[in-house]
file work_30.txt (compact mmCIF, C-alpha atoms)
# COMPACT_ATOMS: atom_id res chain seq x y z
CA MET B 416 41.54 100.96 292.75
CA ILE B 417 39.88 102.50 289.69
CA LYS B 418 38.07 105.73 290.55
CA LEU B 419 34.89 106.30 288.56
CA LYS B 420 33.96 109.96 288.15
CA THR B 421 30.63 111.56 289.02
CA PRO B 422 28.95 114.00 286.60
CA GLY B 423 30.25 116.89 288.72
CA GLU B 424 33.79 115.56 288.65
CA ILE B 425 33.61 115.00 284.90
CA GLU B 426 32.61 118.62 284.37
CA LYS B 427 35.65 119.72 286.38
CA MET B 428 37.82 117.45 284.25
CA ARG B 429 36.37 119.00 281.09
CA LYS B 430 37.46 122.43 282.34
CA ALA B 431 40.93 121.16 283.25
CA GLY B 432 41.16 119.41 279.90
CA LYS B 433 40.27 122.52 277.90
CA ILE B 434 42.99 124.52 279.65
CA THR B 435 45.52 121.74 279.07
CA ALA B 436 44.58 121.43 275.40
CA ALA B 437 44.89 125.19 274.90
CA ALA B 438 48.32 125.08 276.55
CA LEU B 439 49.43 122.38 274.12
CA ASN B 440 48.10 124.40 271.19
CA LEU B 441 50.11 127.39 272.42
CA ALA B 442 53.28 125.30 272.66
CA GLY B 443 52.77 124.12 269.09
CA GLU B 444 52.36 127.69 267.84
CA LEU B 445 55.66 128.66 269.46
CA ILE B 446 57.72 125.88 267.90
CA ALA B 447 60.04 127.39 265.29
CA VAL B 448 63.68 127.54 264.27
CA GLY B 449 65.77 129.34 266.89
CA VAL B 450 63.24 129.14 269.73
CA THR B 451 64.51 127.59 272.94
CA THR B 452 62.60 124.86 274.70
CA GLN B 453 62.80 126.97 277.85
CA LYS B 454 60.92 129.81 276.15
CA ILE B 455 58.09 127.44 275.26
CA ASP B 456 57.98 126.14 278.82
CA LYS B 457 57.76 129.61 280.36
CA ALA B 458 55.03 130.71 277.96
CA VAL B 459 52.94 127.63 278.71
CA GLN B 460 53.45 128.04 282.45
CA HIS B 461 52.29 131.66 282.26
CA PHE B 462 49.22 130.67 280.25
CA ILE B 463 48.18 127.86 282.62
CA VAL B 464 48.49 130.13 285.65
CA SER B 465 46.57 132.90 283.86
CA GLN B 466 43.65 130.47 283.50
CA GLY B 467 43.50 129.90 287.25
CA ALA B 468 45.11 126.48 286.96
CA THR B 469 48.37 124.96 288.16
CA PRO B 470 51.07 123.33 285.97
CA THR B 471 50.74 119.71 287.06
CA PHE B 472 54.24 118.68 286.03
CA LEU B 473 56.09 121.45 287.87
CA GLY B 474 57.65 119.86 290.94
CA TYR B 475 55.96 116.49 290.27
CA GLY B 476 58.46 113.98 291.62
CA GLY B 477 60.98 116.81 291.48
CA PHE B 478 60.48 117.60 287.78
CA PRO B 479 61.84 121.15 287.23
CA ALA B 480 59.51 122.47 284.51
CA SER B 481 55.86 122.88 283.50
CA ILE B 482 56.06 120.83 280.29
CA CYS B 483 58.14 117.99 278.93
CA VAL B 484 59.91 118.80 275.66
CA SER B 485 61.47 115.75 274.02
CA VAL B 486 63.42 116.27 270.80
CA ASN B 487 64.32 113.73 268.08
CA ASP B 488 65.51 110.53 269.83
CA GLU B 489 64.08 111.70 273.17
CA ILE B 490 60.89 109.78 273.92
CA ILE B 491 59.47 111.47 277.02
CA HIS B 492 60.38 113.58 280.07
CA GLY B 493 62.75 115.93 278.24
CA ILE B 494 63.65 118.93 280.41
CA PRO B 495 63.28 122.38 278.79
CA GLY B 496 66.46 124.45 278.62
CA VAL B 497 68.65 126.64 276.44
CA ARG B 498 68.56 124.26 273.46
CA LYS B 499 67.44 126.06 270.29
CA LEU B 500 65.20 124.18 267.90
CA LYS B 501 66.54 123.47 264.42
CA ASP B 502 64.87 122.92 261.08
CA GLY B 503 63.73 119.31 260.85
CA ASP B 504 63.64 118.66 264.61
CA VAL B 505 60.92 116.29 265.85
CA VAL B 506 59.51 117.86 269.02
CA SER B 507 57.19 116.10 271.46
CA ILE B 508 55.34 118.33 273.94
CA ASP B 509 53.60 116.85 277.00
CA VAL B 510 51.43 119.16 279.13
CA GLY B 511 49.43 118.79 282.34
CA ALA B 512 47.20 121.33 284.09
CA THR B 513 45.29 120.99 287.34
CA TYR B 514 42.08 123.02 287.74
CA ASP B 515 39.75 122.87 290.74
CA GLY B 516 41.54 119.74 291.94
CA TYR B 517 41.37 117.76 288.68
CA VAL B 518 44.02 117.03 286.06
CA GLY B 519 44.12 117.28 282.28
CA ASP B 520 47.00 115.53 280.48
CA CYS B 521 47.81 115.57 276.76
CA ALA B 522 50.73 115.46 274.32
CA ALA B 523 51.54 115.72 270.64
CA THR B 524 54.58 115.69 268.38
CA PHE B 525 55.47 118.51 265.98
CA ILE B 526 58.05 118.85 263.22
CA VAL B 527 59.99 122.07 262.78
CA GLY B 528 59.60 122.81 259.07
CA ASP B 529 58.81 120.02 256.63
CA GLY B 530 61.10 117.41 258.14
CA THR B 531 62.02 114.15 256.48
CA GLU B 532 59.56 111.70 255.01
CA GLU B 533 60.48 109.27 257.78
CA ALA B 534 59.76 111.87 260.47
CA ARG B 535 56.38 112.72 258.97
CA HIS B 536 55.56 109.02 258.76
CA LEU B 537 56.44 108.53 262.43
CA VAL B 538 54.32 111.48 263.59
CA ASP B 539 51.36 110.33 261.51
CA VAL B 540 51.62 106.71 262.74
CA THR B 541 51.85 107.79 266.37
CA ARG B 542 48.80 110.03 266.11
CA GLU B 543 46.76 107.44 264.21
CA SER B 544 47.74 104.68 266.64
CA PHE B 545 46.11 106.80 269.36
CA TYR B 546 42.90 106.99 267.33
CA ALA B 547 43.03 103.23 266.72
CA GLY B 548 43.12 102.76 270.47
CA LEU B 549 40.40 105.38 271.00
CA GLN B 550 38.01 103.39 268.81
CA GLN B 551 38.25 100.57 271.36
CA ALA B 552 37.69 102.84 274.40
CA ARG B 553 34.08 101.81 274.86
CA ALA B 554 32.15 100.49 277.83
CA GLY B 555 32.22 96.69 277.82
CA ASN B 556 35.62 96.43 276.15
CA ARG B 557 38.80 95.83 278.12
CA ILE B 558 42.03 97.79 278.49
CA SER B 559 43.72 95.14 276.34
CA ASP B 560 41.45 96.06 273.41
CA ILE B 561 42.98 99.55 273.46
CA SER B 562 46.49 98.13 273.88
CA ARG B 563 46.12 95.69 271.01
CA ALA B 564 44.79 98.33 268.63
CA VAL B 565 47.65 100.73 269.36
CA GLN B 566 50.34 98.06 269.02
CA GLU B 567 48.92 96.53 265.85
CA TYR B 568 48.60 99.89 264.10
CA ALA B 569 52.12 101.00 265.00
CA GLU B 570 53.78 97.73 264.10
CA LYS B 571 51.95 97.18 260.83
CA ASN B 572 53.28 100.60 259.80
CA GLY B 573 56.88 99.68 260.55
CA CYS B 574 57.30 101.28 263.98
CA SER B 575 57.71 99.96 267.52
CA VAL B 576 56.02 100.88 270.80
CA VAL B 577 57.77 101.60 274.09
CA ARG B 578 57.13 98.99 276.79
CA GLU B 579 58.47 100.61 279.95
CA TYR B 580 56.05 103.57 280.01
CA VAL B 581 52.29 103.34 279.57
CA GLY B 582 49.06 105.30 279.70
CA HIS B 583 47.12 105.58 282.95
CA GLY B 584 44.01 106.69 284.76
CA VAL B 585 43.61 110.43 285.35
CA GLY B 586 41.54 112.37 287.88
CA ARG B 587 42.49 114.10 291.11
CA ASP B 588 45.92 112.58 290.56
CA MET B 589 47.85 112.61 287.29
CA HIS B 590 48.55 108.90 287.60
CA GLU B 591 45.67 106.73 288.77
CA ALA B 592 44.65 103.13 288.11
CA PRO B 593 44.42 101.48 285.66
CA GLU B 594 47.57 101.26 283.59
CA VAL B 595 46.86 101.56 279.84
CA PRO B 596 49.72 99.87 277.97
CA ASN B 597 50.36 100.46 274.29
CA PHE B 598 51.02 96.74 273.83
CA ILE B 599 49.53 93.47 275.03
CA ALA B 600 50.89 93.32 278.57
CA ASN B 601 51.32 90.49 281.05
CA PRO B 602 48.02 90.32 282.98
CA ARG B 603 49.97 90.03 286.22
CA ARG B 604 50.80 93.74 285.93
CA GLY B 605 47.33 94.54 287.26
CA GLY B 606 44.84 92.45 285.33
CA ASP B 607 42.80 93.51 282.35
CA PRO B 608 39.99 95.76 283.63
CA ARG B 609 36.76 96.11 281.74
CA LEU B 610 35.95 99.65 280.64
CA VAL B 611 32.89 101.19 282.30
CA ARG B 612 31.14 104.55 282.13
CA GLY B 613 32.83 107.17 284.28
CA MET B 614 36.39 105.96 283.82
CA THR B 615 38.87 108.65 282.75
CA ILE B 616 42.11 107.45 281.21
CA ALA B 617 45.11 108.81 279.33
CA ILE B 618 45.79 106.91 276.12
CA GLU B 619 49.32 107.83 275.08
CA PRO B 620 51.26 105.92 272.44
CA MET B 621 55.04 106.42 272.58
CA VAL B 622 56.28 105.16 269.23
CA ASN B 623 59.81 104.72 267.89
CA LEU B 624 60.92 104.69 264.27
CA GLY B 625 63.51 102.06 265.16
CA GLY B 626 63.63 99.51 267.96
CA GLN B 627 61.62 99.60 271.17
CA ALA B 628 64.63 99.60 273.53
CA ILE B 629 65.21 102.70 275.65
CA ARG B 630 67.71 104.22 278.06
CA GLN B 631 67.66 107.05 280.60
CA LEU B 632 70.02 110.02 280.40
CA ALA B 633 72.20 111.24 283.26
CA ASP B 634 69.62 113.90 284.23
CA LYS B 635 67.51 110.98 285.60
CA TRP B 636 64.48 112.18 283.63
CA THR B 637 64.96 112.14 279.87
CA ILE B 638 64.20 108.81 278.18
CA VAL B 639 65.74 108.21 274.74
CA THR B 640 65.75 105.46 272.15
CA ARG B 641 68.68 103.11 272.66
CA ASP B 642 69.40 102.96 268.92
CA GLY B 643 69.19 106.74 268.42
CA SER B 644 66.11 106.53 266.21
CA LEU B 645 63.38 109.17 266.21
CA SER B 646 60.47 108.91 268.64
CA ALA B 647 57.03 110.51 268.86
CA HIS B 648 54.30 110.84 271.51
CA TYR B 649 50.56 111.50 271.26
CA GLU B 650 48.14 111.63 274.19
CA ASN B 651 44.68 112.68 275.28
CA THR B 652 42.63 112.34 278.44
CA VAL B 653 39.57 110.26 277.53
CA LEU B 654 36.20 109.71 279.22
CA ILE B 655 34.45 106.36 278.88
CA THR B 656 30.74 106.89 278.21
CA ASP B 657 27.76 104.73 277.24
CA GLY B 658 28.64 105.39 273.60
CA GLN B 659 31.47 107.19 271.83
CA PRO B 660 34.46 107.99 274.07
CA GLU B 661 34.88 111.70 274.80
CA ILE B 662 38.26 113.41 274.46
CA LEU B 663 38.56 115.74 277.46
CA THR B 664 41.68 117.46 276.09
CA PRO B 665 40.46 118.50 272.61
CA HIS B 666 43.60 120.13 271.22
CA ASN B 667 43.65 121.12 267.56
CA VAL B 668 46.85 119.31 266.63
CA GLY B 669 45.97 117.52 263.41
CA VAL B 670 48.82 116.95 261.02
CA ALA B 671 51.07 118.00 263.92
CA VAL B 672 53.61 119.81 261.76
CA SER B 673 54.89 123.25 262.68
CA VAL B 674 55.96 125.77 260.03
CA ALA B 675 59.60 126.81 260.42
CA ALA B 676 60.23 130.48 261.02
CA ASN B 677 63.23 132.69 261.58
CA SER B 678 63.05 133.71 265.20
CA GLU B 679 65.32 133.96 268.17
CA GLY B 680 64.44 132.32 271.47
CA VAL B 681 65.63 133.02 274.95
call {"tool": "encode", "arguments": {"input": "work_30.txt", "output": "structure tokens"}}
result
Amino acid sequence: MIKLKTPGEIEKMRKAGKITAAALNLAGELIAVGVTTQKIDKAVQHFIVSQGATPTFLGYGGFPASICVSVNDEIIHGIPGVRKLKDGDVVSIDVGATYDGYVGDCAATFIVGDGTEEARHLVDVTRESFYAGLQQARAGNRISDISRAVQEYAEKNGCSVVREYVGHGVGRDMHEAPEVPNFIANPRRGGDPRLVRGMTIAIEPMVNLGGQAIRQLADKWTIVTRDGSLSAHYENTVLITDGQPEILTPHNVGVAVSVAANSEGV
């Protein structure tokens, strides 16, 4: 059942969203040559807790970290560890924070240094496919209007969208109804709900430079492209209003490219 939010609940989600967005910004600032993904995770965890919030991902379904860090061919759910980032790496960061019982959820993809032209193209397409979907996130439209816009933008720019993982409702729980696919889905997966004021959803394109096929690694979490091609992820929690949709996780990731630096991570 889709849970519409009251004005009081929306205000709580704005607060959760601002903390989550700031955590993502922090992660982006830390991305540099030689930094470990574990260092980024610990810094983000400390920040979220310092804001009086809880890292939503930590322990969720047994996940062992506060953020997902997915590098190069990793699509989502990458587990932070001792891996050191290298020049040219494509790094997707997914963050969730729970504040006063409500969840903020957002993600973006960064490039360490300049990266290749193909990598920059992928990151740009993924981000802009989100905004194509956002334009359709208006009361009276349907979920499929968002899905179609994301898929069409990604595919017309030579990329593919992941089918097995989709966007979702957000509120007291990180994953609520409805599902928000990044492609035109079979209606039997839960129908095609009409968007109404008070809905809060996560729109999150997961876009591959190559084919759409995926596989799961032995850690039972990390999802990678089957063909080894690069992947990118971009997400915001969005409120449906009577007019323009409102992004509840207003992070400042624009071009989504991180400047390489000489630094040592732990």
call {"tool": "closest_atom_pairs", "arguments": {"input": "work_30.txt", "of": "range 477-571 of chain B", "to": "range 577-600 of chain B", "cutoff": "12 Å", "atoms": "all atoms listed in the file", "output": "CSV"}}
result
residue,atom,partner,partner_atom,distance
B:Glu489,CA,B:Val577,CA,11.9
B:Ile490,CA,B:Val577,CA,8.8
B:Ile491,CA,B:Tyr580,CA,9.1
B:His492,CA,B:Tyr580,CA,10.9
B:Val510,CA,B:Met589,CA,11.1
B:Gly511,CA,B:Met589,CA,8.1
B:Ala512,CA,B:Met589,CA,9.3
B:Thr513,CA,B:Arg587,CA,8.3
B:Tyr514,CA,B:Arg587,CA,9.5
B:Asp515,CA,B:Arg587,CA,9.2
B:Gly516,CA,B:Arg587,CA,5.8
B:Tyr517,CA,B:Arg587,CA,4.5
B:Val518,CA,B:Gly586,CA,5.6
B:Gly519,CA,B:Val585,CA,7.5
B:Asp520,CA,B:Met589,CA,7.5
B:Cys521,CA,B:Gly582,CA,10.8
B:Ala522,CA,B:Gly582,CA,11.6
B:Thr541,CA,B:Asn597,CA,10.9
B:Ser544,CA,B:Asn597,CA,9.1
B:Phe545,CA,B:Asn597,CA,9.1
B:Ala547,CA,B:Asn597,CA,10.9
B:Gly548,CA,B:Asn597,CA,8.5
B:Leu549,CA,B:Asn597,CA,11.6
B:Ala552,CA,B:Val595,CA,10.7
B:Arg557,CA,B:Val595,CA,10.0
B:Ile558,CA,B:Val595,CA,6.3
B:Ser559,CA,B:Ile599,CA,6.2
B:Asp560,CA,B:Ile599,CA,8.6
B:Ile561,CA,B:Asn597,CA,7.5
B:Ser562,CA,B:Asn597,CA,4.5
B:Arg563,CA,B:Ile599,CA,5.7
B:Ala564,CA,B:Asn597,CA,8.2
B:Val565,CA,B:Asn597,CA,5.6
B:Gln566,CA,B:Phe598,CA,5.0
B:Glu567,CA,B:Phe598,CA,8.3
B:Tyr568,CA,B:Asn597,CA,10.4
B:Ala569,CA,B:Asn597,CA,9.5
B:Glu570,CA,B:Phe598,CA,10.2
call {"tool": "write_last_selection", "arguments": {"input": "work_30.txt", "atoms": "C-alpha atoms", "output": "short mmCIF file (atom, residue, chain, number, x, y, z; two decimals), keeping the file's coordinate frame"}}
result
data_model
loop_
_atom_site.label_atom_id
_atom_site.label_comp_id
_atom_site.auth_asym_id
_atom_site.auth_seq_id
_atom_site.Cartn_x
_atom_site.Cartn_y
_atom_site.Cartn_z
CA GLU B 489 64.08 111.70 273.17
CA ILE B 490 60.89 109.78 273.92
CA ILE B 491 59.47 111.47 277.02
CA HIS B 492 60.38 113.58 280.07
CA VAL B 510 51.43 119.16 279.13
CA GLY B 511 49.43 118.79 282.34
CA ALA B 512 47.20 121.33 284.09
CA THR B 513 45.29 120.99 287.34
CA TYR B 514 42.08 123.02 287.74
CA ASP B 515 39.75 122.87 290.74
CA GLY B 516 41.54 119.74 291.94
CA TYR B 517 41.37 117.76 288.68
CA VAL B 518 44.02 117.03 286.06
CA GLY B 519 44.12 117.28 282.28
CA ASP B 520 47.00 115.53 280.48
CA CYS B 521 47.81 115.57 276.76
CA ALA B 522 50.73 115.46 274.32
CA THR B 541 51.85 107.79 266.37
CA SER B 544 47.74 104.68 266.64
CA PHE B 545 46.11 106.80 269.36
CA ALA B 547 43.03 103.23 266.72
CA GLY B 548 43.12 102.76 270.47
CA LEU B 549 40.40 105.38 271.00
CA ALA B 552 37.69 102.84 274.40
CA ARG B 557 38.80 95.83 278.12
CA ILE B 558 42.03 97.79 278.49
CA SER B 559 43.72 95.14 276.34
CA ASP B 560 41.45 96.06 273.41
CA ILE B 561 42.98 99.55 273.46
CA SER B 562 46.49 98.13 273.88
CA ARG B 563 46.12 95.69 271.01
CA ALA B 564 44.79 98.33 268.63
CA VAL B 565 47.65 100.73 269.36
CA GLN B 566 50.34 98.06 269.02
CA GLU B 567 48.92 96.53 265.85
CA TYR B 568 48.60 99.89 264.10
CA ALA B 569 52.12 101.00 265.00
CA GLU B 570 53.78 97.73 264.10
#
call {"tool": "closest_atom_pairs", "arguments": {"input": "work_30.txt", "of": "range 585-670 of chain B", "to": "range 424-445 of chain B", "cutoff": "8 Å", "atoms": "all atoms listed in the file", "output": "JSON lines"}}
result
{"residue": "B:Gly586", "atom": "CA", "partner": "B:Met428", "partner_atom": "CA", "distance": 7.3}
{"residue": "B:Gly613", "atom": "CA", "partner": "B:Ile425", "partner_atom": "CA", "distance": 7.9}
{"residue": "B:Thr652", "atom": "CA", "partner": "B:Gly432", "partner_atom": "CA", "distance": 7.4}
{"residue": "B:Leu663", "atom": "CA", "partner": "B:Gly432", "partner_atom": "CA", "distance": 5.1}
{"residue": "B:Thr664", "atom": "CA", "partner": "B:Gly432", "partner_atom": "CA", "distance": 4.3}
{"residue": "B:Pro665", "atom": "CA", "partner": "B:Ala436", "partner_atom": "CA", "distance": 5.8}
{"residue": "B:His666", "atom": "CA", "partner": "B:Ala436", "partner_atom": "CA", "distance": 4.5}
{"residue": "B:Asn667", "atom": "CA", "partner": "B:Asn440", "partner_atom": "CA", "distance": 6.6}
{"residue": "B:Val668", "atom": "CA", "partner": "B:Asn440", "partner_atom": "CA", "distance": 6.9}
call {"tool": "write_last_selection", "arguments": {"input": "work_30.txt", "atoms": "C-alpha atoms", "output": "PDB file, in the coordinates of the input"}}
result
ATOM      1  CA  GLY B 586      41.540 112.370 287.880  1.00  0.00           C
ATOM      2  CA  GLY B 613      32.830 107.170 284.280  1.00  0.00           C
ATOM      3  CA  THR B 652      42.630 112.340 278.440  1.00  0.00           C
ATOM      4  CA  LEU B 663      38.560 115.740 277.460  1.00  0.00           C
ATOM      5  CA  THR B 664      41.680 117.460 276.090  1.00  0.00           C
ATOM      6  CA  PRO B 665      40.460 118.500 272.610  1.00  0.00           C
ATOM      7  CA  HIS B 666      43.600 120.130 271.220  1.00  0.00           C
ATOM      8  CA  ASN B 667      43.650 121.120 267.560  1.00  0.00           C
ATOM      9  CA  VAL B 668      46.850 119.310 266.630  1.00  0.00           C
TER      10      VAL B 668
END
call {"tool": "residues_around", "arguments": {"input": "work_30.txt", "residues": "Asn487 in chain B", "least_positions_apart": "4", "cutoff": "10 Å", "atoms": "only C-alpha atoms", "output": "list in words"}}
result
Gly503, Asp504, Val505, Val506, Ser507, Thr524, Ile526, Ala534, Val639, Thr640, Gly643, Ser644, Leu645, Ser646 and Ala647 of chain B
call {"tool": "residues_around", "arguments": {"input": "work_30.txt", "residues": "range 481-484 of chain B", "least_positions_apart": "6", "cutoff": "8 Å", "atoms": "all atoms listed in the file", "output": "list of chain:residue names"}}
result
B:Thr452, B:Asp456, B:Lys457, B:Val459, B:Gln460, B:Pro470, B:Thr471, B:Phe472, B:Leu473, B:Ile491, B:His492, B:Gly493, B:Ile494, B:Pro495, B:Val506, B:Ser507, B:Ile508, B:Asp509, B:Val510, B:Gly511
call {"tool": "atom_distance", "arguments": {"input": "work_30.txt", "atom1": "CA of Gly477 in chain B", "atom2": "CA of Gln453 in chain B"}}
result
17.1 Å
call {"tool": "closest_residue", "arguments": {"input": "work_30.txt", "among": "B:Val497, B:Arg612, B:Pro620, B:Lys571", "to": "Leu419 in chain B", "atoms": "all atoms listed in the file"}}
result
B:Arg612
call {"tool": "atom_distance", "arguments": {"input": "work_30.txt", "atom1": "CA of His461 in chain B", "atom2": "CA of Gly530 in chain B"}}
result
29.4 Å
call {"tool": "closest_residue", "arguments": {"input": "work_30.txt", "among": "B:Phe525, B:Pro660, B:Lys454, B:Leu537", "to": "Arg498 in chain B", "atoms": "only C-alpha atoms"}}
result
B:Lys454
call {"tool": "atom_distance", "arguments": {"input": "work_30.txt", "atom1": "CA of Thr656 in chain B", "atom2": "CA of Val611 in chain B"}}
result
7.3 Å
call {"tool": "decode", "arguments": {"input": "work_30.txt", "residues": "range 580-598 of chain B", "atoms": "N, CA and C atoms", "output": "JSON list (two decimals), in the first residue's frame"}}
result
[["chain", "number", "residue", "atom", "x", "y", "z"],
["B", 580, "TYR", "N", 16.84, -4.20, -10.53],
["B", 580, "TYR", "CA", 16.75, -3.31, -9.38],
["B", 580, "TYR", "C", 16.10, -2.01, -9.81],
["B", 581, "VAL", "N", 15.24, -1.47, -8.94],
["B", 581, "VAL", "CA", 14.42, -0.33, -9.33],
["B", 581, "VAL", "C", 14.33, 0.68, -8.19],
["B", 582, "GLY", "N", 13.78, 1.85, -8.50],
["B", 582, "GLY", "CA", 13.49, 2.82, -7.46],
["B", 582, "GLY", "C", 12.30, 2.35, -6.63],
["B", 583, "HIS", "N", 11.88, 3.19, -5.66],
["B", 583, "HIS", "CA", 10.92, 2.71, -4.67],
["B", 583, "HIS", "C", 10.37, 3.87, -3.86],
["B", 584, "GLY", "N", 9.28, 3.60, -3.15],
["B", 584, "GLY", "CA", 8.78, 4.56, -2.19],
["B", 584, "GLY", "C", 9.73, 4.67, -1.01],
["B", 585, "VAL", "N", 9.71, 5.80, -0.33],
["B", 585, "VAL", "CA", 10.55, 6.05, 0.84],
["B", 585, "VAL", "C", 9.71, 6.73, 1.91],
["B", 586, "GLY", "N", 9.97, 6.41, 3.18],
["B", 586, "GLY", "CA", 9.26, 7.06, 4.27],
["B", 586, "GLY", "C", 9.81, 6.60, 5.60],
["B", 587, "ARG", "N", 8.96, 5.98, 6.40],
["B", 587, "ARG", "CA", 9.45, 5.36, 7.64],
["B", 587, "ARG", "C", 10.37, 4.19, 7.32],
["B", 588, "ASP", "N", 10.11, 3.54, 6.21],
["B", 588, "ASP", "CA", 10.96, 2.45, 5.74],
["B", 588, "ASP", "C", 11.73, 2.91, 4.51],
["B", 589, "MET", "N", 12.92, 2.33, 4.31],
["B", 589, "MET", "CA", 13.71, 2.70, 3.14],
["B", 589, "MET", "C", 13.05, 2.21, 1.86],
["B", 590, "HIS", "N", 12.40, 1.07, 1.93],
["B", 590, "HIS", "CA", 11.74, 0.53, 0.74],
["B", 590, "HIS", "C", 10.25, 0.39, 1.01],
["B", 591, "GLU", "N", 9.48, 1.27, 0.41],
["B", 591, "GLU", "CA", 8.02, 1.24, 0.49],
["B", 591, "GLU", "C", 7.45, 1.11, -0.91],
["B", 592, "ALA", "N", 6.16, 0.87, -1.00],
["B", 592, "ALA", "CA", 5.46, 0.92, -2.29],
["B", 592, "ALA", "C", 5.38, 2.40, -2.70],
["B", 593, "PRO", "N", 5.40, 2.65, -4.02],
["B", 593, "PRO", "CA", 5.43, 1.71, -5.14],
["B", 593, "PRO", "C", 6.85, 1.48, -5.65],
["B", 594, "GLU", "N", 7.02, 0.44, -6.45],
["B", 594, "GLU", "CA", 8.26, 0.32, -7.21],
["B", 594, "GLU", "C", 8.31, 1.40, -8.28],
["B", 595, "VAL", "N", 9.53, 1.89, -8.57],
["B", 595, "VAL", "CA", 9.72, 2.92, -9.61],
["B", 595, "VAL", "C", 10.79, 2.41, -10.58],
["B", 596, "PRO", "N", 10.39, 1.61, -11.55],
["B", 596, "PRO", "CA", 11.37, 1.06, -12.49],
["B", 596, "PRO", "C", 11.98, 2.14, -13.37],
["B", 597, "ASN", "N", 13.15, 1.83, -13.89],
["B", 597, "ASN", "CA", 13.83, 2.72, -14.84],
["B", 597, "ASN", "C", 13.60, 2.29, -16.28],
["B", 598, "PHE", "N", 12.54, 1.53, -16.48],
["B", 598, "PHE", "CA", 12.18, 0.99, -17.79],
["B", 598, "PHE", "C", 10.69, 0.69, -17.75]]
